[in-house]
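Pasting work_1.tsv here (TSV, C-alpha atoms (C1' of nucleotides)):
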chain	number	residue	atom	x	y	z
A	124	MET	CA	-19.33	20.79	12.35
A	125	ASP	CA	-16.82	17.95	12.41
A	126	VAL	CA	-14.56	16.77	9.61
A	127	VAL	CA	-17.04	14.23	8.31
A	128	GLY	CA	-19.80	16.82	8.32
A	129	ARG	CA	-17.67	19.04	6.10
A	130	ILE	CA	-16.94	16.14	3.79
A	131	ARG	CA	-20.65	15.50	3.44
A	132	GLU	CA	-21.18	19.20	2.61
A	133	GLN	CA	-18.64	18.90	-0.20
A	134	TRP	CA	-20.36	15.88	-1.62
A	135	ARG	CA	-23.73	17.61	-1.41
A	136	GLU	CA	-22.41	20.42	-3.60
A	137	GLN	CA	-21.21	17.91	-6.17
A	138	TYR	CA	-24.16	15.52	-6.04
A	139	PRO	CA	-27.17	17.53	-4.79
A	140	ASP	CA	-29.60	14.69	-5.56
A	141	LEU	CA	-27.84	11.81	-3.81
A	142	ASP	CA	-28.89	10.62	-0.34
A	143	LEU	CA	-25.65	11.10	1.55
A	144	ALA	CA	-26.94	10.17	5.00
A	145	PRO	CA	-24.92	6.92	5.29
A	146	ILE	CA	-21.73	8.98	5.34
A	147	GLU	CA	-22.70	10.40	8.72
A	148	VAL	CA	-22.38	6.94	10.22
A	149	ILE	CA	-20.01	4.93	8.05
A	150	GLY	CA	-17.61	7.81	7.42
A	151	ARG	CA	-17.37	8.54	11.11
A	152	VAL	CA	-16.94	4.89	12.06
A	153	ARG	CA	-14.04	4.55	9.65
A	154	ARG	CA	-12.39	7.75	10.67
A	155	LEU	CA	-12.84	7.00	14.37
A	156	ALA	CA	-11.34	3.55	13.91
A	157	ALA	CA	-8.33	5.01	12.08
A	158	LEU	CA	-7.75	7.58	14.80
A	159	THR	CA	-8.15	5.15	17.71
A	160	ASN	CA	-5.77	2.76	15.98
A	161	GLN	CA	-3.22	5.57	15.79
A	162	ARG	CA	-3.59	6.27	19.51
A	163	HIS	CA	-3.32	2.59	20.29
A	164	ASP	CA	-0.11	2.38	18.29
A	165	GLU	CA	1.47	5.31	20.09
A	166	VAL	CA	1.16	3.54	23.43
A	167	LEU	CA	2.41	0.22	22.09
A	168	ASP	CA	5.39	1.70	20.24
A	169	ASP	CA	6.96	2.53	23.58
A	170	LEU	CA	6.77	-1.16	24.45
A	171	ARG	CA	8.21	-2.45	21.14
A	172	LEU	CA	4.93	-4.24	20.51
A	173	SER	CA	2.87	-3.94	17.35
A	174	ARG	CA	-0.87	-3.51	17.58
A	175	MET	CA	-1.49	-6.86	15.96
A	176	GLU	CA	0.87	-8.61	18.35
A	177	PHE	CA	-1.08	-6.97	21.13
A	178	GLU	CA	-4.26	-8.37	19.60
A	179	VAL	CA	-2.82	-11.88	19.71
A	180	LEU	CA	-1.83	-11.55	23.36
A	181	SER	CA	-5.27	-10.10	24.16
A	182	ALA	CA	-7.10	-12.95	22.47
A	183	LEU	CA	-5.02	-15.49	24.39
A	184	ARG	CA	-5.42	-13.68	27.68
A	185	ARG	CA	-9.19	-13.39	27.51
A	186	ALA	CA	-9.58	-16.98	26.28
A	187	GLY	CA	-8.01	-18.03	29.57
A	188	GLY	CA	-6.19	-21.02	28.05
A	189	GLY	CA	-4.54	-22.12	24.83
A	190	LEU	CA	-5.86	-21.39	21.35
A	191	ARG	CA	-5.04	-22.74	17.91
A	192	PRO	CA	-3.74	-20.46	15.14
A	193	SER	CA	-6.95	-20.92	13.17
A	194	GLN	CA	-8.98	-19.65	16.13
A	195	LEU	CA	-6.71	-16.63	16.47
A	196	THR	CA	-7.09	-15.96	12.75
A	197	ARG	CA	-10.88	-15.87	13.14
A	198	GLU	CA	-10.70	-13.54	16.15
A	199	MET	CA	-8.49	-11.08	14.34
A	200	LEU	CA	-10.21	-10.88	10.96
A	201	SER	CA	-6.91	-11.40	9.15
A	202	SER	CA	-5.18	-14.08	7.09
A	203	GLY	CA	-3.67	-17.30	8.32
A	204	ALA	CA	-0.32	-16.22	6.94
A	205	ALA	CA	-0.38	-13.13	9.13
A	206	THR	CA	-1.11	-15.25	12.18
A	207	THR	CA	1.88	-17.49	11.47
A	208	LYS	CA	4.19	-14.49	11.25
A	209	ARG	CA	2.89	-12.87	14.40
A	210	LEU	CA	3.19	-16.09	16.34
A	211	ALA	CA	6.74	-16.64	15.10
A	212	ARG	CA	7.75	-13.21	16.32
A	213	LEU	CA	5.96	-13.51	19.66
A	214	GLU	CA	7.54	-16.92	20.23
A	215	GLU	CA	10.98	-15.53	19.46
A	216	ASP	CA	10.37	-12.75	21.98
A	217	GLY	CA	9.37	-15.31	24.59
A	218	LEU	CA	5.80	-14.09	24.98
A	219	ILE	CA	4.08	-17.28	23.81
A	220	THR	CA	4.84	-20.97	23.27
A	221	ARG	CA	3.72	-23.16	20.38
A	222	SER	CA	3.35	-26.91	20.88
A	223	THR	CA	1.85	-29.48	18.56
A	224	SER	CA	-1.26	-31.17	19.89
A	225	VAL	CA	-0.93	-34.86	20.75
A	226	ARG	CA	-4.41	-35.95	19.63
A	227	ASP	CA	-4.15	-34.29	16.21
A	228	ARG	CA	-0.64	-33.38	15.16
A	229	ARG	CA	-1.83	-30.86	12.58
A	230	GLU	CA	-3.02	-28.63	15.38
A	231	ILE	CA	-0.82	-26.21	17.30
A	232	ASP	CA	-1.52	-25.16	20.87
A	233	VAL	CA	-0.58	-21.53	21.43
A	234	ARG	CA	-0.18	-20.34	25.02
A	235	LEU	CA	1.02	-17.28	26.86
A	236	THR	CA	4.26	-17.63	28.80
A	237	GLU	CA	4.60	-16.17	32.30
A	238	HIS	CA	6.25	-13.18	30.66
A	239	GLY	CA	3.60	-12.82	27.98
A	240	ARG	CA	0.89	-12.88	30.57
A	241	SER	CA	2.58	-10.24	32.71
A	242	VAL	CA	2.98	-8.00	29.65
A	243	ILE	CA	-0.68	-8.17	28.66
A	244	ASP	CA	-1.80	-7.77	32.28
A	245	ARG	CA	0.13	-4.52	32.36
A	246	VAL	CA	-0.80	-3.19	28.91
A	247	PHE	CA	-4.47	-4.09	28.60
A	248	PRO	CA	-5.71	-1.98	31.53
A	249	ALA	CA	-3.64	0.95	30.25
A	250	GLN	CA	-5.26	0.68	26.81
A	251	LEU	CA	-8.65	0.49	28.44
A	252	ASP	CA	-7.96	3.74	30.32
A	253	ARG	CA	-6.92	5.31	27.05
A	254	GLU	CA	-10.18	4.24	25.42
A	255	ARG	CA	-12.24	5.48	28.34
A	256	ALA	CA	-10.62	8.90	27.96
A	257	LEU	CA	-11.70	9.07	24.31
A	258	LEU	CA	-15.31	8.59	25.41
A	259	ASP	CA	-15.17	11.42	27.96
A	260	PRO	CA	-17.31	13.71	25.77
A	261	LEU	CA	-20.25	11.33	26.30
A	262	THR	CA	-22.45	10.87	29.34
A	263	ASP	CA	-22.84	7.31	30.61
A	264	ASP	CA	-26.27	7.10	28.99
A	265	GLU	CA	-24.97	8.33	25.66
A	266	ARG	CA	-22.09	5.86	25.76
A	267	ALA	CA	-24.48	3.01	26.46
A	268	ARG	CA	-26.86	4.14	23.70
A	269	LEU	CA	-23.96	4.41	21.24
A	270	GLY	CA	-22.87	0.89	22.10
A	271	GLU	CA	-26.40	-0.43	21.53
A	272	LEU	CA	-26.80	1.26	18.18
A	273	LEU	CA	-23.44	-0.02	16.99
A	274	ALA	CA	-24.36	-3.54	18.08
A	275	LYS	CA	-27.54	-3.30	16.06
A	276	VAL	CA	-25.56	-2.59	12.90
A	277	LEU	CA	-22.80	-5.05	13.68
A	278	ALA	CA	-24.87	-8.09	14.59
A	279	PRO	CA	-26.19	-8.93	11.09
A	280	MET	CA	-22.78	-8.31	9.53
A	281	ASP	CA	-21.05	-10.72	11.86
A	282	LEU	CA	-23.63	-13.36	11.07
A	283	ALA	CA	-23.17	-12.85	7.34
A	284	GLY	CA	-19.40	-12.77	7.09
B	1367	MET	CA	-25.39	-10.93	22.07
B	1368	ASP	CA	-22.99	-9.85	19.34
B	1369	VAL	CA	-19.33	-10.79	18.95
B	1370	VAL	CA	-18.08	-7.80	20.89
B	1371	GLY	CA	-20.53	-8.54	23.69
B	1372	ARG	CA	-19.08	-12.05	23.97
B	1373	ILE	CA	-15.56	-10.66	24.00
B	1374	ARG	CA	-16.49	-8.36	26.86
B	1375	GLU	CA	-17.93	-11.34	28.74
B	1376	GLN	CA	-14.62	-13.15	28.40
B	1377	TRP	CA	-12.71	-10.18	29.72
B	1378	ARG	CA	-15.11	-9.85	32.65
B	1379	GLU	CA	-14.33	-13.39	33.70
B	1380	GLN	CA	-10.62	-12.66	33.60
B	1381	TYR	CA	-10.73	-9.17	35.12
B	1382	PRO	CA	-13.91	-8.93	37.24
B	1383	ASP	CA	-12.89	-5.58	38.76
B	1384	LEU	CA	-12.07	-3.65	35.59
B	1385	ASP	CA	-14.54	-1.20	34.02
B	1386	LEU	CA	-14.91	-2.72	30.58
B	1387	ALA	CA	-17.60	-0.38	29.29
B	1388	PRO	CA	-15.35	1.35	26.69
B	1389	ILE	CA	-15.12	-1.95	24.79
B	1390	GLU	CA	-18.80	-1.71	23.93
B	1391	VAL	CA	-18.08	1.38	21.85
B	1392	ILE	CA	-14.44	1.24	20.78
B	1393	GLY	CA	-14.41	-2.49	20.12
B	1394	ARG	CA	-17.52	-2.22	17.96
B	1395	VAL	CA	-16.22	0.81	16.08
B	1396	ARG	CA	-13.02	-1.01	15.20
B	1397	ARG	CA	-14.75	-4.21	14.21
B	1398	LEU	CA	-17.35	-2.37	12.18
B	1399	ALA	CA	-14.66	-0.42	10.36
B	1400	ALA	CA	-12.77	-3.61	9.55
B	1401	LEU	CA	-15.91	-5.28	8.21
B	1402	THR	CA	-17.06	-2.29	6.15
B	1403	ASN	CA	-13.57	-2.00	4.70
B	1404	GLN	CA	-13.79	-5.64	3.63
B	1405	ARG	CA	-17.14	-5.02	1.93
B	1406	HIS	CA	-15.77	-1.92	0.26
B	1407	ASP	CA	-12.82	-3.90	-1.06
B	1408	GLU	CA	-15.02	-6.62	-2.53
B	1409	VAL	CA	-16.81	-4.11	-4.73
B	1410	LEU	CA	-13.62	-2.37	-5.80
B	1411	ASP	CA	-11.74	-5.57	-6.58
B	1412	ASP	CA	-14.06	-6.14	-9.51
B	1413	LEU	CA	-12.96	-2.78	-10.89
B	1414	ARG	CA	-9.21	-3.35	-10.41
B	1415	LEU	CA	-9.14	-0.38	-8.03
B	1416	SER	CA	-7.74	-0.46	-4.50
B	1417	ARG	CA	-9.67	1.11	-1.67
B	1418	MET	CA	-7.01	3.72	-1.15
B	1419	GLU	CA	-6.96	4.65	-4.81
B	1420	PHE	CA	-10.71	5.03	-4.54
B	1421	GLU	CA	-10.13	7.36	-1.57
B	1422	VAL	CA	-7.86	9.54	-3.68
B	1423	LEU	CA	-10.38	9.79	-6.50
B	1424	SER	CA	-13.13	10.54	-3.95
B	1425	ALA	CA	-11.17	13.34	-2.35
B	1426	LEU	CA	-10.48	14.89	-5.74
B	1427	ARG	CA	-14.06	14.52	-6.90
B	1428	ARG	CA	-15.62	16.14	-3.86
B	1429	ALA	CA	-13.03	18.93	-3.80
B	1430	GLY	CA	-14.33	19.91	-7.23
B	1431	GLY	CA	-10.93	21.04	-8.51
B	1432	GLY	CA	-7.25	20.20	-8.16
B	1433	LEU	CA	-5.54	19.30	-4.89
B	1434	ARG	CA	-1.91	19.04	-3.85
B	1435	PRO	CA	-0.43	15.77	-2.58
B	1436	SER	CA	-0.03	17.24	0.91
B	1437	GLN	CA	-3.73	18.03	1.04
B	1438	LEU	CA	-4.59	14.52	-0.08
B	1439	THR	CA	-2.28	13.14	2.59
B	1440	ARG	CA	-4.17	15.06	5.27
B	1441	GLU	CA	-7.56	13.90	3.97
B	1442	MET	CA	-6.54	10.27	4.02
B	1443	LEU	CA	-4.77	10.04	7.39
B	1444	SER	CA	-1.80	8.33	5.81
B	1445	SER	CA	1.82	9.08	5.02
B	1446	GLY	CA	3.12	11.31	2.25
B	1447	ALA	CA	5.03	8.37	0.83
B	1448	ALA	CA	1.79	6.43	0.42
B	1449	THR	CA	0.25	9.38	-1.42
B	1450	THR	CA	3.15	9.51	-3.86
B	1451	LYS	CA	2.77	5.81	-4.66
B	1452	ARG	CA	-0.98	6.01	-5.13
B	1453	LEU	CA	-0.70	9.04	-7.38
B	1454	ALA	CA	1.98	7.36	-9.48
B	1455	ARG	CA	-0.26	4.38	-10.05
B	1456	LEU	CA	-3.38	6.45	-10.76
B	1457	GLU	CA	-1.43	8.60	-13.20
B	1458	GLU	CA	-0.14	5.53	-15.00
B	1459	ASP	CA	-3.70	4.25	-15.25
B	1460	GLY	CA	-4.80	7.56	-16.76
B	1461	LEU	CA	-7.19	8.47	-13.94
B	1462	ILE	CA	-5.38	11.62	-12.80
B	1463	THR	CA	-2.81	14.11	-14.04
B	1464	ARG	CA	0.04	15.66	-12.07
B	1465	SER	CA	1.40	19.03	-13.13
B	1466	THR	CA	3.84	21.25	-11.29
B	1467	SER	CA	2.41	24.56	-10.21
B	1468	VAL	CA	3.75	27.64	-11.99
B	1469	ARG	CA	3.77	30.02	-9.04
B	1470	ASP	CA	5.61	27.57	-6.74
B	1471	ARG	CA	7.36	24.75	-8.51
B	1472	ARG	CA	7.56	22.60	-5.38
B	1473	GLU	CA	3.82	22.15	-5.52
B	1474	ILE	CA	2.05	19.58	-7.64
B	1475	ASP	CA	-1.48	20.05	-8.93
B	1476	VAL	CA	-3.35	16.78	-8.99
B	1477	ARG	CA	-6.50	16.60	-11.10
B	1478	LEU	CA	-8.97	14.01	-12.28
B	1479	THR	CA	-8.92	13.19	-15.96
B	1480	GLU	CA	-12.17	12.80	-17.92
B	1481	HIS	CA	-11.77	9.06	-17.40
B	1482	GLY	CA	-11.00	9.37	-13.69
B	1483	ARG	CA	-14.06	11.49	-13.20
B	1484	SER	CA	-16.31	9.08	-15.03
B	1485	VAL	CA	-14.96	6.19	-12.93
B	1486	ILE	CA	-15.64	7.89	-9.60
B	1487	ASP	CA	-19.03	9.13	-10.78
B	1488	ARG	CA	-19.95	5.52	-11.42
B	1489	VAL	CA	-18.39	3.94	-8.33
B	1490	PHE	CA	-19.20	6.45	-5.60
B	1491	PRO	CA	-23.00	6.15	-5.82
B	1492	ALA	CA	-22.65	2.37	-5.83
B	1493	GLN	CA	-20.57	2.43	-2.66
B	1494	LEU	CA	-23.10	4.74	-1.07
B	1495	ASP	CA	-25.87	2.24	-1.84
B	1496	ARG	CA	-23.76	-0.48	-0.28
B	1497	GLU	CA	-23.31	1.58	2.88
B	1498	ARG	CA	-27.00	2.39	3.07
B	1499	ALA	CA	-27.76	-1.32	2.98
B	1500	LEU	CA	-25.52	-1.90	5.99
B	1501	LEU	CA	-27.58	0.60	7.97
B	1502	ASP	CA	-30.87	-1.09	7.13
B	1503	PRO	CA	-31.25	-2.49	10.67
B	1504	LEU	CA	-31.66	1.09	11.95
B	1505	THR	CA	-34.65	3.40	11.72
B	1506	ASP	CA	-33.98	6.86	10.30
B	1507	ASP	CA	-34.04	8.31	13.80
B	1508	GLU	CA	-31.59	5.75	15.09
B	1509	ARG	CA	-29.25	6.35	12.19
B	1510	ALA	CA	-29.31	10.10	12.81
B	1511	ARG	CA	-28.77	9.61	16.55
B	1512	LEU	CA	-25.85	7.26	15.87
B	1513	GLY	CA	-24.28	9.84	13.59
B	1514	GLU	CA	-24.62	12.54	16.25
B	1515	LEU	CA	-23.08	10.44	19.00
B	1516	LEU	CA	-20.16	9.47	16.79
B	1517	ALA	CA	-19.61	13.12	15.89
B	1518	LYS	CA	-19.48	13.98	19.57
B	1519	VAL	CA	-16.63	11.53	20.11
B	1520	LEU	CA	-14.86	12.37	16.87
B	1521	ALA	CA	-14.86	16.17	17.09
B	1522	PRO	CA	-12.33	16.55	19.94
B	1523	MET	CA	-10.04	13.90	18.42
B	1524	ASP	CA	-9.91	15.64	15.09
B	1525	LEU	CA	-9.03	18.90	16.78
B	1526	ALA	CA	-6.26	17.25	18.77
B	1527	GLY	CA	-4.46	15.63	15.92
C	226	DA	C1'	23.15	38.20	-4.12
C	227	DC	C1'	23.98	34.60	-0.96
C	228	DT	C1'	22.99	31.45	2.30
C	229	DA	C1'	20.39	29.32	6.08
C	230	DG	C1'	16.27	27.52	7.01
C	231	DG	C1'	11.72	26.02	5.76
C	232	DT	C1'	8.31	23.64	2.82
C	233	DG	C1'	6.52	20.17	-0.63
C	234	DT	C1'	7.33	15.92	-2.83
C	235	DT	C1'	9.85	11.78	-3.85
C	236	DT	C1'	13.12	8.00	-2.92
C	237	DT	C1'	14.98	4.42	-0.06
C	238	DA	C1'	15.04	0.59	2.95
C	239	DC	C1'	12.30	-1.85	5.51
C	240	DT	C1'	8.01	-4.13	7.87
C	241	DC	C1'	3.86	-6.37	7.58
C	242	DG	C1'	-0.11	-8.12	5.21
C	243	DT	C1'	-2.10	-11.20	1.49
C	244	DG	C1'	-3.45	-15.19	-1.79
C	245	DA	C1'	-1.88	-19.19	-3.47
C	246	DA	C1'	0.95	-23.10	-3.34
C	247	DG	C1'	3.15	-26.54	-0.35
C	248	DG	C1'	3.87	-29.98	3.34
C	249	DA	C1'	2.26	-32.70	7.01
C	250	DG	C1'	-1.48	-35.26	9.22
C	251	DT	C1'	-6.16	-37.36	9.61
C	252	DG	C1'	-9.87	-40.20	8.20
C	253	DT	C1'	-13.07	-42.53	5.11
C	254	DG	C1'	-14.99	-45.38	1.29
C	255	DG	C1'	-13.89	-48.97	-1.59
D	45	DC	C1'	-5.20	-51.12	3.95
D	46	DC	C1'	-4.61	-47.58	0.96
D	47	DA	C1'	-5.58	-43.79	-2.02
D	48	DC	C1'	-8.09	-39.72	-2.05
D	49	DA	C1'	-10.15	-35.77	-0.11
D	50	DC	C1'	-9.91	-32.76	3.53
D	51	DT	C1'	-7.94	-29.84	7.38
D	52	DC	C1'	-4.35	-27.16	9.64
D	53	DC	C1'	-0.43	-24.61	9.47
D	54	DT	C1'	3.56	-22.64	7.03
D	55	DT	C1'	6.27	-20.83	3.08
D	56	DC	C1'	6.70	-18.00	-1.00
D	57	DA	C1'	6.39	-14.10	-3.98
D	58	DC	C1'	4.70	-9.92	-4.04
D	59	DG	C1'	2.07	-5.44	-3.02
D	60	DA	C1'	1.33	-1.56	-0.06
D	61	DG	C1'	2.41	1.21	3.94
D	62	DT	C1'	5.88	3.73	6.87
D	63	DA	C1'	9.83	6.77	8.73
D	64	DA	C1'	13.66	9.01	7.51
D	65	DA	C1'	16.77	10.81	4.17
D	66	DA	C1'	17.20	13.10	-0.07
D	67	DC	C1'	15.92	16.40	-3.47
D	68	DA	C1'	14.00	20.62	-5.36
D	69	DC	C1'	12.42	24.90	-4.62
D	70	DC	C1'	11.21	29.25	-2.19
D	71	DT	C1'	12.16	33.18	1.09
D	72	DA	C1'	14.00	36.25	4.43
D	73	DG	C1'	17.95	38.21	6.75
D	74	DT	C1'	22.34	40.02	6.05

When written as structure tokens, how does the structure in this file appear?
Amino acid sequence: MDVVGRIREQWREQYPDLDLAPIEVIGRVRRLAALTNQRHDEVLDDLRLSRMEFEVLSALRRAGGGLRPSQLTREMLSSGAATTKRLARLEEDGLITRSTSVRDRREIDVRLTEHGRSVIDRVFPAQLDRERALLDPLTDDERARLGELLAKVLAPMDLAG
Amino acid sequence: MDVVGRIREQWREQYPDLDLAPIEVIGRVRRLAALTNQRHDEVLDDLRLSRMEFEVLSALRRAGGGLRPSQLTREMLSSGAATTKRLARLEEDGLITRSTSVRDRREIDVRLTEHGRSVIDRVFPAQLDRERALLDPLTDDERARLGELLAKVLAPMDLAG
DNA sequence: ACTAGGTGTTTTACTCGTGAAGGAGTGTGG
DNA sequence: CCACACTCCTTCACGAGTAAAACACCTAGT
């Protein structure tokens, strides 16, 4: 039995009449996220890059072109203030540029620099390998099934909030 | 297609030759954890209780008796310093007591007060209902299968560290 | 008994996130 | 045209987390 299974056992002893089934999913999702975040951080620490800075570079890289801070904020499920700080730091490190849009001068166009792009092109595949290794215990079919089931839970939540 | 599916599409356009399958699982796990944490927080905000304080009370409640700070730290995957701060606040609010152990005076025995216990006995079932609602899109079989698959990924990680 | 080393908790100094207020820019109805 | 409402981004004040050092205590070898 895994850690979450033992936790559920403990709860069952305390609350024998409660339906504790949701723990099996939600508890594991939260714990798995915490652990994968830790692993992610270990790799990035060596590169003097925080996980959230990595997220910014990733969002820019996969968008293919420039993004505005408000778009980045939406992608990252965090506050606008956090985005400003991350961008300031990434700009100082020469990984991105910020330029005010000509058509609407409230808007900022955030873009990867040459250097920023080369960093993310190096780091992203390495992170992907790391993630693939975590899924080694699953067969390809199981991995696909797991992805489907997660999508089924996630889809309505993303619509709602 | 859900948000993570669209993100994978974007990556595929940028890196057509990379195996992006891990995103389907890891990306969804992380996003789902972030969203469920947000929901959790909403409920707790009304009660002037932070999510991490709730985690402390939960760990104590399901343990059935007293725990030491180091045990709580392990349960919560966070630093010892964080545990100290949370316990200080919970003690001030009258939800727990801290007493130094007699046999080994380095150790602290953390226990729920009457009040702390009544708070968690009220809040925990409510959170469980909330979590059950999130899993409504799944049949019972799907929920069970999802739990199993997550356990399969989680078990080796928990052993490792 | 003394001390060297180990363990359990707290303190310190710092980073990073947040909500709310602020500043700058756009645009619309009178 | 101009004031008012709205949007986008940033700044501010603060709360919470962390790593590392400090502190308190125990224990085993001499």

> Mind listing as a list in words which residues of chain D are within 8 Å of chain A, counting only C-alpha atoms (C1' of nucleotides)?
Replying inline: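 The selection requested is DC52, DC53 and DT54 of chain D.
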
Let's have the selection written as a PDB file, keeping the file's coordinate frame, with C-alpha atoms (C1' of nucleotides).
ATOM      1  C1'  DC D  52      -4.350 -27.160   9.640  1.00  0.00           C
ATOM      2  C1'  DC D  53      -0.430 -24.610   9.470  1.00  0.00           C
ATOM      3  C1'  DT D  54       3.560 -22.640   7.030  1.00  0.00           C
TER       4       DT D  54
END

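Note that CA of Ser201 in chain A and CA of Ile146 in chain A are 25.5 Å apart.
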
>> Would you pick out the contacts of Ile1373 in chain B at 12 Å or less, using all atoms listed in the file, so that residues sharing its chain but fewer than 2 positions from it are not included, and give the list as a PyMOL selection string?
In response: (chain A and resi 181-187+198-199) or (chain B and resi 1367-1371+1375-1380+1386-1387+1389-1390+1393-1394+1397)

> Need the neighbours of (-2.3, -5.1, 29.3): which residues are at most 12 Å away, counting all atoms listed in the file, as a PyMOL selection string?
Replying inline: (chain A and resi 163+166-167+170+172+174+176-185+238-253) or (chain B and resi 1377+1381+1384)

> Using all atoms listed in the file, which of A:Leu272, A:Leu158, A:Met175, A:Ala256 sits nearest DG242 in chain C?
Replying inline: A:Met175

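Distance check against chain C using only C-alpha atoms (C1' of nucleotides): of A:Arg131, A:Arg162, A:Arg171, A:Arg209, the minimum falls on A:Arg209.
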
>> Counting all atoms listed in the file, which residue out of B:Ile1462, B:Thr1439, B:Val1519, B:Glu1508 sits closest to chain C?
In response: B:Thr1439
